[in-house]
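Structure file protein-v2.txt (compact mmCIF, C-alpha atoms) follows.
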```txt
# COMPACT_ATOMS: atom_id res chain seq x y z
CA MET A 1 -37.19 -27.67 0.37
CA THR A 2 -39.87 -27.95 3.03
CA PRO A 3 -43.46 -28.47 1.88
CA SER A 4 -45.40 -25.25 1.34
CA ARG A 5 -47.54 -24.05 4.19
CA HIS A 6 -49.61 -21.86 1.91
CA GLY A 7 -53.27 -21.79 2.81
CA SER A 8 -52.65 -23.43 6.18
CA ALA A 9 -53.81 -20.65 8.50
CA VAL A 10 -56.51 -21.64 10.93
CA ILE A 11 -59.17 -19.12 11.84
CA GLU A 12 -61.33 -19.65 14.90
CA PHE A 13 -63.98 -17.75 16.77
CA PRO A 14 -63.40 -19.01 20.34
CA ASN A 15 -66.23 -16.93 21.79
CA GLU A 16 -68.49 -14.12 20.70
CA LEU A 17 -65.85 -11.42 21.14
CA GLU A 18 -62.69 -12.99 19.77
CA VAL A 19 -61.00 -13.98 16.55
CA LEU A 20 -58.00 -16.30 16.76
CA ILE A 21 -55.69 -17.01 13.85
CA THR A 22 -52.92 -19.60 14.02
CA ARG A 23 -50.20 -20.13 11.42
CA ARG A 24 -46.85 -21.97 11.38
CA PHE A 25 -43.71 -20.68 9.66
CA ASP A 26 -40.48 -22.48 8.86
CA ALA A 27 -38.31 -19.79 10.37
CA PRO A 28 -36.69 -19.03 13.71
CA ILE A 29 -38.77 -17.12 16.24
CA ALA A 30 -36.48 -14.05 16.27
CA LEU A 31 -36.86 -13.56 12.52
CA VAL A 32 -40.64 -14.02 12.59
CA PHE A 33 -40.88 -11.47 15.37
CA GLU A 34 -38.84 -8.97 13.35
CA VAL A 35 -40.89 -9.46 10.22
CA LEU A 36 -44.07 -8.81 12.23
CA THR A 37 -42.86 -5.76 14.13
CA LYS A 38 -40.42 -3.80 11.94
CA PRO A 39 -42.02 -1.38 9.45
CA GLU A 40 -39.39 -2.03 6.76
CA HIS A 41 -40.45 -5.69 6.79
CA VAL A 42 -44.19 -5.16 7.21
CA ARG A 43 -44.22 -2.88 4.17
CA ARG A 44 -42.96 -5.82 2.09
CA TRP A 45 -45.86 -8.17 2.84
CA GLY A 46 -48.55 -6.00 4.40
CA ALA A 47 -51.01 -5.17 1.62
CA THR A 48 -53.10 -7.50 -0.52
CA HIS A 49 -53.07 -6.67 -4.22
CA PRO A 50 -54.64 -4.42 -5.51
CA ASP A 51 -54.68 -2.63 -2.15
CA ARG A 52 -51.58 -0.63 -1.31
CA MET A 53 -50.04 0.19 2.03
CA LEU A 54 -49.81 3.93 2.57
CA GLU A 55 -48.28 4.23 6.00
CA CYS A 56 -46.65 1.92 8.48
CA SER A 57 -45.07 3.13 11.68
CA ILE A 58 -44.31 1.00 14.73
CA ASP A 59 -42.86 2.29 17.99
CA LEU A 60 -42.22 -1.04 19.66
CA ARG A 61 -42.18 -0.32 23.40
CA VAL A 62 -44.76 -0.26 26.16
CA GLY A 63 -46.77 2.94 25.66
CA GLY A 64 -45.46 3.29 22.10
CA GLY A 65 -47.90 3.56 19.21
CA TYR A 66 -48.31 1.96 15.79
CA HIS A 67 -50.24 3.06 12.78
CA SER A 68 -50.87 1.56 9.37
CA SER A 69 -53.16 2.52 6.52
CA PHE A 70 -54.19 0.99 3.24
CA VAL A 71 -55.82 2.27 0.08
CA THR A 72 -57.92 0.30 -2.39
CA GLU A 73 -58.05 0.68 -6.14
CA ASP A 74 -61.12 2.93 -5.85
CA GLY A 75 -59.35 5.19 -3.37
CA THR A 76 -61.01 4.02 -0.14
CA VAL A 77 -58.57 4.37 2.75
CA CYS A 78 -58.59 2.29 5.92
CA SER A 79 -56.47 2.92 8.92
CA PHE A 80 -55.45 0.91 11.99
CA SER A 81 -53.67 2.22 15.05
CA GLY A 82 -53.02 1.42 18.68
CA THR A 83 -50.71 1.54 21.67
CA TYR A 84 -48.48 -1.23 22.98
CA LEU A 85 -49.47 -2.59 26.38
CA GLU A 86 -46.87 -5.37 26.57
CA VAL A 87 -43.72 -5.92 24.54
CA GLU A 88 -41.73 -9.07 25.16
CA PRO A 89 -39.47 -9.84 22.19
CA PRO A 90 -39.49 -12.30 20.57
CA ILE A 91 -42.48 -14.06 22.12
CA ARG A 92 -45.30 -11.66 22.77
CA THR A 93 -46.85 -8.27 22.14
CA MET A 94 -50.18 -6.97 23.34
CA ALA A 95 -51.63 -3.73 22.04
CA THR A 96 -54.83 -1.79 21.74
CA TRP A 97 -56.26 -1.99 18.23
CA ARG A 98 -58.51 0.53 16.62
CA PHE A 99 -60.05 0.50 13.18
CA GLU A 100 -60.80 4.05 12.12
CA GLY A 101 -64.28 3.83 10.71
CA THR A 102 -67.61 5.37 11.58
CA PRO A 103 -68.05 4.27 14.25
CA PRO A 104 -64.53 3.05 15.05
CA VAL A 105 -64.02 -0.58 16.08
CA GLU A 106 -61.85 -1.29 19.10
CA ALA A 107 -60.11 -4.41 20.27
CA VAL A 108 -57.09 -5.69 22.15
CA GLU A 109 -54.62 -7.54 19.96
CA THR A 110 -52.29 -10.20 21.30
CA MET A 111 -49.57 -11.76 19.20
CA GLU A 112 -47.73 -14.76 20.55
CA LEU A 113 -44.88 -16.72 19.01
CA HIS A 114 -43.61 -20.12 19.97
CA GLU A 115 -40.77 -22.08 18.37
CA ILE A 116 -40.33 -25.84 18.29
CA ASP A 117 -37.73 -27.55 16.08
CA ALA A 118 -37.17 -24.45 13.90
CA VAL A 119 -40.91 -24.07 13.29
CA THR A 120 -42.48 -20.93 14.72
CA THR A 121 -46.19 -20.80 15.50
CA LEU A 122 -47.95 -17.45 15.42
CA SER A 123 -51.14 -17.02 17.44
CA TRP A 124 -52.88 -13.77 16.67
CA ARG A 125 -55.84 -12.94 18.82
CA LEU A 126 -58.19 -9.99 18.56
CA ALA A 127 -60.57 -9.49 21.47
CA PHE A 128 -63.21 -6.98 20.44
CA ARG A 129 -64.67 -4.52 22.89
CA ASP A 130 -68.21 -5.45 21.93
CA ARG A 131 -70.10 -7.90 19.78
CA THR A 132 -71.01 -5.28 17.20
CA GLY A 133 -67.31 -4.63 16.64
CA ARG A 134 -66.51 -8.21 15.83
CA ALA A 135 -69.63 -8.56 13.74
CA ARG A 136 -68.68 -5.54 11.68
CA MET A 137 -65.25 -6.88 10.95
CA THR A 138 -66.04 -10.52 10.33
CA SER A 139 -69.69 -11.09 9.73
CA PHE A 140 -72.29 -10.35 7.12
CA ASP A 141 -75.23 -8.02 7.40
CA GLY A 142 -74.27 -7.09 10.96
CA GLN A 143 -75.35 -10.53 12.17
CA GLN A 144 -73.49 -12.00 15.07
CA ASP A 145 -72.51 -15.39 13.94
CA SER A 146 -70.18 -18.29 14.23
CA LEU A 147 -68.36 -18.87 10.99
CA ASP A 148 -66.82 -21.97 12.48
CA GLU A 149 -70.14 -23.60 12.98
CA MET A 150 -71.37 -22.44 9.62
CA GLY A 151 -68.19 -23.63 7.93
CA GLU A 152 -68.70 -27.11 9.32
CA ILE A 153 -72.32 -27.32 8.29
CA LEU A 154 -71.44 -26.08 4.83
CA ARG A 155 -68.68 -28.61 4.41
CA SER A 156 -70.85 -31.50 5.50
CA LEU A 157 -73.67 -30.39 3.22
CA LEU A 158 -71.48 -29.89 0.19
CA ASP A 159 -69.54 -33.12 0.79
CA ARG A 160 -72.83 -34.93 0.93
CA GLN A 161 -73.95 -33.36 -2.27
CA GLU A 162 -70.73 -34.33 -4.03
CA THR A 163 -70.93 -37.91 -2.78
CA ALA A 164 -74.55 -38.10 -3.92
CA SER A 165 -73.76 -36.88 -7.42
CA GLU A 166 -70.96 -39.42 -7.95
CA MET B 1 -50.49 -4.56 12.58
CA SER B 2 -51.03 -5.42 9.03
CA ILE B 3 -52.57 -8.85 9.56
CA SER B 4 -55.59 -6.75 10.47
CA GLU B 5 -56.14 -5.67 6.93
CA TYR B 6 -57.76 -8.97 6.11
CA LEU B 7 -60.63 -8.10 8.44
CA TRP B 8 -61.12 -4.96 6.47
CA VAL B 9 -61.10 -6.90 3.22
CA MET B 10 -63.89 -9.06 4.62
CA ALA B 11 -65.85 -6.13 6.02
CA ARG B 12 -65.94 -4.75 2.48
CA ALA B 13 -67.05 -8.10 1.10
CA ALA B 14 -70.08 -8.15 3.40
CA THR B 15 -73.24 -9.36 1.80
CA THR B 16 -76.93 -9.28 2.46
CA SER B 17 -78.03 -12.17 0.26
CA ASP B 18 -81.19 -13.98 1.33
CA VAL B 19 -79.38 -17.28 1.78
CA PHE B 20 -77.04 -15.57 4.24
CA ASN B 21 -79.93 -14.22 6.23
CA ALA B 22 -81.61 -17.61 6.19
CA VAL B 23 -78.64 -19.37 7.78
CA ALA B 24 -77.76 -16.48 10.10
CA ASP B 25 -80.40 -17.84 12.46
CA VAL B 26 -79.12 -20.55 14.78
CA HIS B 27 -82.46 -22.42 14.76
CA ARG B 28 -82.53 -22.60 10.99
CA ARG B 29 -78.97 -23.95 11.02
CA GLU B 30 -80.13 -26.62 13.48
CA ILE B 31 -82.88 -27.61 11.07
CA LEU B 32 -80.38 -27.85 8.20
CA ASP B 33 -78.18 -29.95 10.45
CA VAL B 34 -81.01 -32.37 11.22
CA LEU B 35 -81.88 -32.65 7.52
CA ILE B 36 -78.31 -33.74 6.68
CA GLU B 37 -79.44 -37.20 7.82
CA GLY B 38 -82.04 -37.23 5.07
CA GLU B 39 -85.60 -36.33 4.19
CA LYS B 40 -87.85 -35.79 7.21
CA ALA B 41 -91.41 -34.90 8.11
CA VAL B 42 -92.05 -31.75 10.15
CA GLY B 43 -92.96 -33.89 13.14
CA ALA B 44 -89.63 -35.72 13.01
CA ILE B 45 -87.74 -32.41 12.86
CA VAL B 46 -89.71 -31.17 15.87
CA GLY B 47 -88.85 -34.40 17.68
CA ASP B 48 -85.12 -33.91 17.02
CA LEU B 49 -85.00 -30.30 18.18
CA SER B 50 -86.20 -28.37 21.21
CA MET B 51 -88.52 -26.20 19.12
CA SER B 52 -92.29 -26.04 18.84
CA GLN B 53 -94.01 -27.19 15.66
CA PRO B 54 -95.16 -23.65 14.67
CA GLN B 55 -91.55 -22.45 15.12
CA VAL B 56 -90.16 -25.24 12.97
CA SER B 57 -92.79 -24.60 10.31
CA LYS B 58 -91.97 -20.90 10.28
CA HIS B 59 -88.25 -21.59 9.83
CA LEU B 60 -88.92 -24.22 7.16
CA ARG B 61 -90.92 -21.64 5.24
CA VAL B 62 -87.94 -19.23 5.26
CA LEU B 63 -85.60 -22.02 4.20
CA SER B 64 -87.96 -23.04 1.37
CA GLU B 65 -88.25 -19.47 0.13
CA VAL B 66 -84.49 -19.23 -0.44
CA GLY B 67 -84.38 -22.73 -1.91
CA LEU B 68 -82.33 -24.42 0.81
CA VAL B 69 -85.01 -27.06 1.44
CA ARG B 70 -87.67 -28.57 -0.78
CA CYS B 71 -90.99 -29.97 0.33
CA ARG B 72 -93.11 -32.81 -1.07
CA ALA B 73 -96.35 -34.29 0.16
CA GLU B 74 -96.72 -38.00 0.87
CA GLY B 75 -100.27 -38.71 1.94
CA ARG B 76 -100.88 -36.35 4.83
CA LEU B 77 -97.17 -35.90 5.56
CA ARG B 78 -95.11 -33.01 4.31
CA LEU B 79 -91.55 -34.18 3.82
CA TYR B 80 -88.61 -31.80 3.72
CA ARG B 81 -85.21 -32.41 2.24
CA LEU B 82 -82.08 -30.33 1.71
CA THR B 83 -81.23 -28.72 -1.59
CA PRO B 84 -77.74 -27.67 -0.59
CA GLU B 85 -76.65 -26.38 -4.01
CA HIS B 86 -78.16 -23.05 -2.91
CA LEU B 87 -75.55 -22.85 -0.16
CA ARG B 88 -72.83 -22.36 -2.74
CA PRO B 89 -72.70 -18.54 -2.45
CA LEU B 90 -72.30 -18.88 1.28
CA HIS B 91 -69.62 -21.50 0.93
CA ASP B 92 -67.80 -19.23 -1.50
CA TRP B 93 -68.04 -16.38 0.98
CA VAL B 94 -66.52 -18.47 3.76
CA ALA B 95 -63.79 -19.62 1.36
CA LYS B 96 -63.10 -15.98 0.50
CA HIS B 97 -62.73 -15.22 4.18
CA GLU B 98 -60.16 -17.97 4.56
CA ARG B 99 -58.39 -16.86 1.40
CA ALA B 100 -58.13 -13.21 2.46
CA MET B 101 -56.39 -14.20 5.64
CA ASN B 102 -54.21 -16.83 4.04
CA ASP B 103 -53.05 -14.49 1.28
CA ARG B 104 -51.50 -12.15 3.79
CA LEU B 105 -49.84 -14.83 5.90
CA ASP B 106 -48.63 -16.69 2.81
CA ARG B 107 -46.99 -13.50 1.62
CA MET B 108 -45.33 -13.06 5.00
CA ASP B 109 -44.17 -16.68 4.76
CA ASP B 110 -42.66 -16.15 1.29
CA TYR B 111 -40.90 -13.05 2.56
CA LEU B 112 -39.50 -14.96 5.55
CA GLN B 113 -38.18 -17.68 3.26
CA GLU B 114 -36.61 -15.08 0.99
CA LEU B 115 -34.90 -13.39 3.95
CA GLN B 116 -33.54 -16.74 5.10
CA ARG B 117 -32.21 -17.60 1.65
CA GLN B 118 -30.46 -14.23 1.53
CA GLY B 119 -29.07 -14.89 5.02
CA ASP B 120 -27.68 -18.26 3.88
CA ARG B 121 -26.05 -16.67 0.84
CA ASN B 122 -24.41 -13.99 2.99
CA ASP B 123 -23.04 -16.65 5.34
CA THR B 124 -21.24 -18.57 2.59
```
Produce structure tokens that represent the structure in this file.
Amino acid sequence: MTPSRHGSAVIEFPNELEVLITRRFDAPIALVFEVLTKPEHVRRWGATHPDRMLECSIDLRVGGGYHSSFVTEDGTVCSFSGTYLEVEPPIRTMATWRFEGTPPVEAVETMELHEIDAVTTLSWRLAFRDRTGRARMTSFDGQQDSLDEMGEILRSLLDRQETASE
Amino acid sequence: MSISEYLWVMARAATTSDVFNAVADVHRREILDVLIEGEKAVGAIVGDLSMSQPQVSKHLRVLSEVGLVRCRAEGRLRLYRLTPEHLRPLHDWVAKHERAMNDRLDRMDDYLQELQRQGDRNDT
């Protein structure tokens, strides 16, 4: 059994418009691609408890659309949709991405897979149309901010505090 | 794509706590950074950063109000030091962010492993 990769995703904010998430999987690239792009698979892992996935449709071809929606315990529904701009199985898809809110948030989503020695790396990049969009989806109080930078400061401060209290 | 849902989870977990607002400003984060080295007088903080003394004092006041720094007088000097325990809510928020994303990808990972185990069984 290979060691668990749970909790190993890396989240980065490379610039003020993008979010980049990287995660490795012990699985061949073709299978990872399928699990990411076929609705029957996505339905199996898509929603975080107690949220439920309501819809999931994926028309995987250039110009084809996808749509997924989720509902929370209190009944709030959120919906994502978009159109494929590039489809290159099993290594890459690029699509428009739209979060249906008021106002909606728009981005371009790029998913890239890369396999070395039976380990597949997923790079998932969202490039938001504007800074407000990214702020709304990732930040607090509408502030534009770098979580990376904040994360580092926090870690150094808390580490210090723990060392001091020993 | 359903990885996206994590962003929604976080958008719902947005907060407006005072500590968050205090560190949302890049200059105030720079001051916190400088104070990691230890207790410092206002003049020393000014010397370390490209900010004017009134600016630094203004930011220190905000940081004091939310309890992130504490001030004591030594003669004519006012010395500031970090009281990082008040950063805990912020740290927890960042951790929640990481967890929301990891939950989804961990679930996808478990599902991939399950599919592969099934595949192996079907082969034998």
Just want the 6 Å neighbourhood of range 118-133 of chain A, counted on all atoms listed in the file, with same-chain residues fewer than 5 positions away dropped. Output as a PDB file with C-alpha atoms, in the coordinates of the input.
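The file below, out-v4.pdb, is the result:
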```pdb
ATOM      1  CA  LEU A  17     -65.850 -11.420  21.140  1.00  0.00           C
ATOM      2  CA  GLU A  18     -62.690 -12.990  19.770  1.00  0.00           C
ATOM      3  CA  VAL A  19     -61.000 -13.980  16.550  1.00  0.00           C
ATOM      4  CA  LEU A  20     -58.000 -16.300  16.760  1.00  0.00           C
ATOM      5  CA  ILE A  21     -55.690 -17.010  13.850  1.00  0.00           C
ATOM      6  CA  THR A  22     -52.920 -19.600  14.020  1.00  0.00           C
ATOM      7  CA  ARG A  23     -50.200 -20.130  11.420  1.00  0.00           C
ATOM      8  CA  ARG A  24     -46.850 -21.970  11.380  1.00  0.00           C
ATOM      9  CA  PHE A  25     -43.710 -20.680   9.660  1.00  0.00           C
ATOM     10  CA  ASP A  26     -40.480 -22.480   8.860  1.00  0.00           C
ATOM     11  CA  ALA A  27     -38.310 -19.790  10.370  1.00  0.00           C
ATOM     12  CA  PRO A  28     -36.690 -19.030  13.710  1.00  0.00           C
ATOM     13  CA  ILE A  29     -38.770 -17.120  16.240  1.00  0.00           C
ATOM     14  CA  VAL A 105     -64.020  -0.580  16.080  1.00  0.00           C
ATOM     15  CA  GLU A 106     -61.850  -1.290  19.100  1.00  0.00           C
ATOM     16  CA  ALA A 107     -60.110  -4.410  20.270  1.00  0.00           C
ATOM     17  CA  VAL A 108     -57.090  -5.690  22.150  1.00  0.00           C
ATOM     18  CA  GLU A 109     -54.620  -7.540  19.960  1.00  0.00           C
ATOM     19  CA  THR A 110     -52.290 -10.200  21.300  1.00  0.00           C
ATOM     20  CA  MET A 111     -49.570 -11.760  19.200  1.00  0.00           C
ATOM     21  CA  GLU A 112     -47.730 -14.760  20.550  1.00  0.00           C
ATOM     22  CA  LEU A 113     -44.880 -16.720  19.010  1.00  0.00           C
TER      23      LEU A 113
END
```
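Across A:Arg98, A:Thr76, A:Pro89, A:Thr48, the tightest approach to Val32 in chain A is made by A:Pro89 when counting all atoms listed in the file.
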**Request:** Write out as a ChimeraX atom specification which residues come within 9 Å of Pro50 in chain A when counting only C-alpha atoms, dropping same-chain ones fewer than 5 positions away.
**Result:** /A:71-73
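Minimum atom-to-atom distances from B:Val62, B:Asp110, B:Arg88, B:Ala95 to Ala24 in chain B were compared using only C-alpha atoms, and the lowest value belongs to B:Val62.
When all atoms listed in the file are used to compute distances to Ala41 in chain B, the closest of the residues B:Glu114, B:Asp103, B:Glu74, B:Glu85 turns out to be B:Glu74.
We find CA of Lys96 in chain B and CA of Ile11 in chain A to be spaced 12.4 Å apart.
CA of Gln118 in chain B sits 24.5 Å away from CA of Ser8 in chain A.
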**Fill in**
What separates CA of Arg61 in chain B and CA of His91 in chain B is a distance of 21.7 Å
Excluding range 51-58 of chain B and its own-chain neighbours fewer than 3 positions away, which residues fall within 12 Å of it when counting only C-alpha atoms? Please give them as an mmCIF file with C-alpha atoms, in the frame of the given file.
```cif
data_model
loop_
_atom_site.group_PDB
_atom_site.id
_atom_site.type_symbol
_atom_site.label_atom_id
_atom_site.label_comp_id
_atom_site.auth_asym_id
_atom_site.auth_seq_id
_atom_site.Cartn_x
_atom_site.Cartn_y
_atom_site.Cartn_z
ATOM 1 C CA ALA B 22 -81.610 -17.610 6.190
ATOM 2 C CA VAL B 26 -79.120 -20.550 14.780
ATOM 3 C CA HIS B 27 -82.460 -22.420 14.760
ATOM 4 C CA ARG B 28 -82.530 -22.600 10.990
ATOM 5 C CA ARG B 29 -78.970 -23.950 11.020
ATOM 6 C CA GLU B 30 -80.130 -26.620 13.480
ATOM 7 C CA ILE B 31 -82.880 -27.610 11.070
ATOM 8 C CA LEU B 32 -80.380 -27.850 8.200
ATOM 9 C CA VAL B 34 -81.010 -32.370 11.220
ATOM 10 C CA ALA B 41 -91.410 -34.900 8.110
ATOM 11 C CA VAL B 42 -92.050 -31.750 10.150
ATOM 12 C CA GLY B 43 -92.960 -33.890 13.140
ATOM 13 C CA ALA B 44 -89.630 -35.720 13.010
ATOM 14 C CA ILE B 45 -87.740 -32.410 12.860
ATOM 15 C CA VAL B 46 -89.710 -31.170 15.870
ATOM 16 C CA GLY B 47 -88.850 -34.400 17.680
ATOM 17 C CA ASP B 48 -85.120 -33.910 17.020
ATOM 18 C CA ARG B 61 -90.920 -21.640 5.240
ATOM 19 C CA VAL B 62 -87.940 -19.230 5.260
ATOM 20 C CA LEU B 63 -85.600 -22.020 4.200
ATOM 21 C CA SER B 64 -87.960 -23.040 1.370
ATOM 22 C CA GLU B 65 -88.250 -19.470 0.130
ATOM 23 C CA CYS B 71 -90.990 -29.970 0.330
ATOM 24 C CA ARG B 78 -95.110 -33.010 4.310
ATOM 25 C CA LEU B 79 -91.550 -34.180 3.820
ATOM 26 C CA TYR B 80 -88.610 -31.800 3.720
#
```
For Ile58 in chain A, list every protein, DNA or RNA residue within 7 Å, evaluated using all atoms listed in the file, and leave out those in the same chain fewer than 6 positions away; present the list as a compact mmCIF listing (two decimals) with C-alpha atoms, in the coordinates of the input.
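Written out: around.txt:
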```txt
# COMPACT_ATOMS: atom_id res chain seq x y z
CA THR A 37 -42.86 -5.76 14.13
CA LYS A 38 -40.42 -3.80 11.94
CA PRO A 39 -42.02 -1.38 9.45
CA GLY A 65 -47.90 3.56 19.21
CA TYR A 66 -48.31 1.96 15.79
CA HIS A 67 -50.24 3.06 12.78
```
May I have the residues within 12 Å of Arg44 in chain A as a PDB file with C-alpha atoms, in the coordinates of the input, using all atoms listed in the file and disregarding those fewer than 6 positions away in the same chain?
```
ATOM      1  CA  VAL A  35     -40.890  -9.460  10.220  1.00  0.00           C
ATOM      2  CA  LEU A  36     -44.070  -8.810  12.230  1.00  0.00           C
ATOM      3  CA  LYS A  38     -40.420  -3.800  11.940  1.00  0.00           C
ATOM      4  CA  ARG A  52     -51.580  -0.630  -1.310  1.00  0.00           C
ATOM      5  CA  MET A  53     -50.040   0.190   2.030  1.00  0.00           C
ATOM      6  CA  LEU A  54     -49.810   3.930   2.570  1.00  0.00           C
ATOM      7  CA  CYS A  56     -46.650   1.920   8.480  1.00  0.00           C
TER       8      CYS A  56
ATOM      9  CA  SER B   2     -51.030  -5.420   9.030  1.00  0.00           C
ATOM     10  CA  ARG B 104     -51.500 -12.150   3.790  1.00  0.00           C
ATOM     11  CA  LEU B 105     -49.840 -14.830   5.900  1.00  0.00           C
ATOM     12  CA  ARG B 107     -46.990 -13.500   1.620  1.00  0.00           C
ATOM     13  CA  MET B 108     -45.330 -13.060   5.000  1.00  0.00           C
ATOM     14  CA  ASP B 109     -44.170 -16.680   4.760  1.00  0.00           C
ATOM     15  CA  ASP B 110     -42.660 -16.150   1.290  1.00  0.00           C
ATOM     16  CA  TYR B 111     -40.900 -13.050   2.560  1.00  0.00           C
ATOM     17  CA  LEU B 112     -39.500 -14.960   5.550  1.00  0.00           C
ATOM     18  CA  GLU B 114     -36.610 -15.080   0.990  1.00  0.00           C
ATOM     19  CA  LEU B 115     -34.900 -13.390   3.950  1.00  0.00           C
TER      20      LEU B 115
END
```
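If only C-alpha atoms are the atoms counted, then among B:Ala73, B:Leu60, B:Leu49, B:Leu90 the closest residue to chain A is B:Leu90.
Residue nearest chain A within the list B:Val69, B:Pro84, B:Asp120, B:Val19: B:Pro84 [criterion: smallest interatomic distance, all atoms listed in the file].
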Coordinates of box centre and edge lengths for range 93-108 of chain B, 3 Å on every side, axis-aligned, as JSON:
```
{"center_x": -56.7, "center_y": -15.9, "center_z": 3.2, "size_x": 28.7, "size_y": 13.5, "size_z": 11.4}
```
